[in-house]
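Asks: Sharing final_37.txt (compact mmCIF, C-alpha atoms) below.
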```
# COMPACT_ATOMS: atom_id res chain seq x y z
CA MET A 1 -31.13 6.94 34.04
CA ASP A 2 -32.89 3.70 34.67
CA ASP A 3 -31.83 1.30 37.43
CA THR A 4 -29.68 -0.79 35.09
CA GLU A 5 -27.67 2.23 33.97
CA LYS A 6 -27.39 3.43 37.56
CA HIS A 7 -26.04 0.09 38.77
CA ASP A 8 -23.68 -0.19 35.79
CA THR A 9 -22.31 3.28 36.45
CA ILE A 10 -21.82 2.58 40.15
CA ALA A 11 -20.16 -0.79 39.41
CA LYS A 12 -17.77 0.66 36.81
CA VAL A 13 -16.73 3.60 38.97
CA THR A 14 -16.32 1.28 41.96
CA ASP A 15 -14.10 -1.04 39.88
CA ARG A 16 -11.88 1.83 38.74
CA LEU A 17 -11.53 3.25 42.24
CA ALA A 18 -10.91 -0.18 43.78
CA ALA A 19 -7.97 -0.56 41.40
CA ARG A 20 -6.70 2.89 42.34
CA TYR A 21 -7.16 2.34 46.10
CA PRO A 22 -6.27 -1.34 46.65
CA ASP A 23 -6.00 -0.88 50.43
CA ALA A 24 -9.51 0.54 50.71
CA PRO A 25 -12.29 -1.91 51.54
CA ARG A 26 -14.42 -2.44 48.44
CA PRO A 27 -17.70 -2.01 50.38
CA LEU A 28 -16.49 1.42 51.54
CA ILE A 29 -15.67 2.42 47.97
CA ALA A 30 -19.07 1.20 46.76
CA GLN A 31 -20.80 3.14 49.53
CA VAL A 32 -18.94 6.36 48.71
CA VAL A 33 -19.67 5.97 44.99
CA THR A 34 -23.36 5.28 45.69
CA GLU A 35 -23.61 8.34 47.96
CA GLU A 36 -21.95 10.53 45.34
CA TYR A 37 -24.30 9.17 42.69
CA GLU A 38 -27.35 9.88 44.84
CA THR A 39 -26.32 13.53 45.29
CA LEU A 40 -26.21 13.98 41.51
CA ASP A 41 -29.11 11.74 40.54
CA ALA A 42 -31.66 14.54 40.36
CA GLY A 43 -29.59 16.59 37.92
CA ARG A 44 -31.00 17.37 34.51
CA ILE A 45 -27.79 16.90 32.54
CA ARG A 46 -27.07 13.17 32.79
CA THR A 47 -24.06 12.94 30.46
CA TYR A 48 -21.43 13.87 33.04
CA ILE A 49 -22.81 11.99 36.05
CA PRO A 50 -20.27 9.11 35.87
CA THR A 51 -17.36 11.55 35.64
CA LEU A 52 -18.69 13.73 38.45
CA VAL A 53 -19.42 10.71 40.64
CA GLU A 54 -15.90 9.37 40.16
CA HIS A 55 -14.35 12.77 40.84
CA GLY A 56 -16.36 13.29 44.03
CA ALA A 57 -15.70 9.77 45.29
CA LYS A 58 -11.99 10.08 44.53
CA ASN A 59 -11.80 13.31 46.53
CA ARG A 60 -13.56 11.71 49.49
CA LEU A 61 -11.32 8.62 49.39
CA ASN A 62 -8.20 10.80 49.14
CA ARG A 63 -9.29 12.75 52.22
CA GLU A 64 -10.15 9.57 54.13
CA PHE A 65 -6.89 7.81 53.38
CA ALA A 66 -4.79 10.93 53.86
CA ALA A 67 -6.33 11.27 57.33
CA GLN A 68 -5.59 7.61 58.12
CA THR A 69 -2.01 7.95 56.94
CA ALA A 70 -1.52 11.04 59.09
CA ARG A 71 -2.72 9.10 62.16
CA ILE A 72 -0.20 6.32 61.64
```
Can you give me the file's structure in the form of structure tokens?
Replies:
Amino acid sequence: MDDTEKHDTIAKVTDRLAARYPDAPRPLIAQVVTEEYETLDAGRIRTYIPTLVEHGAKNRLNREFAAQTARI
């Protein structure tokens, strides 16, 4: 993927997750999505990267916010 596609993918996934997690700070969501993207960026099969990035980021955000809720 070129940089434009990478940034588009990150922006779209961030938008979807920001809607799903309205209490989460958007910069945190963007950071998690970017980190998940970077872990998959070297993969040879590029078709599923957006789906895998969203899935991984969603799991991390669920864990983070479940831990915060448990502390309250």
Asks: Pick from A:Ala11, A:Ala42, A:Ala30, A:Leu17: nearest to Glu54 (chain A), with only C-alpha atoms counted?
Replies: A:Leu17
Asks: If we count all atoms listed in the file and set the cut-off at 10 Å, which residues sit around Lys6 (chain A), ignoring sequence neighbours fewer than 5 positions away in its own chain? Please answer as a ChimeraX atom specification.
Replies: /A:1,11,34,37-38,41,49-50
Asks: CA of Pro27 (chain A) to CA of Arg44 (chain A): how many Å, to one decimal?
Replies: 28.4 Å
Asks: Which of these, A:Lys58, A:Gly43, A:Val33, A:Pro25, has the shortest distance to Asp8 (chain A) once you count all atoms listed in the file?
Replies: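 Using all atoms listed in the file, the shortest distance to Asp8 (chain A) belongs to A:Val33.
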Asks: What gap, in Å, lies between CA of Thr39 (chain A) and CA of Asn62 (chain A)?
Replies: 18.7 Å
Asks: Which distance in Å separates CA of Gly56 (chain A) and CA of Glu36 (chain A), to one decimal?
Replies: 6.4 Å
Asks: From the list A:Glu5, A:Ala66, A:Arg60, A:Asp15, which residue is nearest Thr47 (chain A) when using only C-alpha atoms?
Replies: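 Among the listed residues, the smallest separation from Thr47 (chain A) belongs to A:Glu5.
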Asks: Where's the centre, and what are the edge lengths in Å to one decimal, of a box along x, y and z enclosing all listed atoms of region 41-51 of chain A padded 8 Å per side, as AutoDock Vina command-line options?
Replies:
```
--center_x -24.5 --center_y 13.2 --center_z 35.5 --size_x 30.3 --size_y 24.3 --size_z 26.1
```
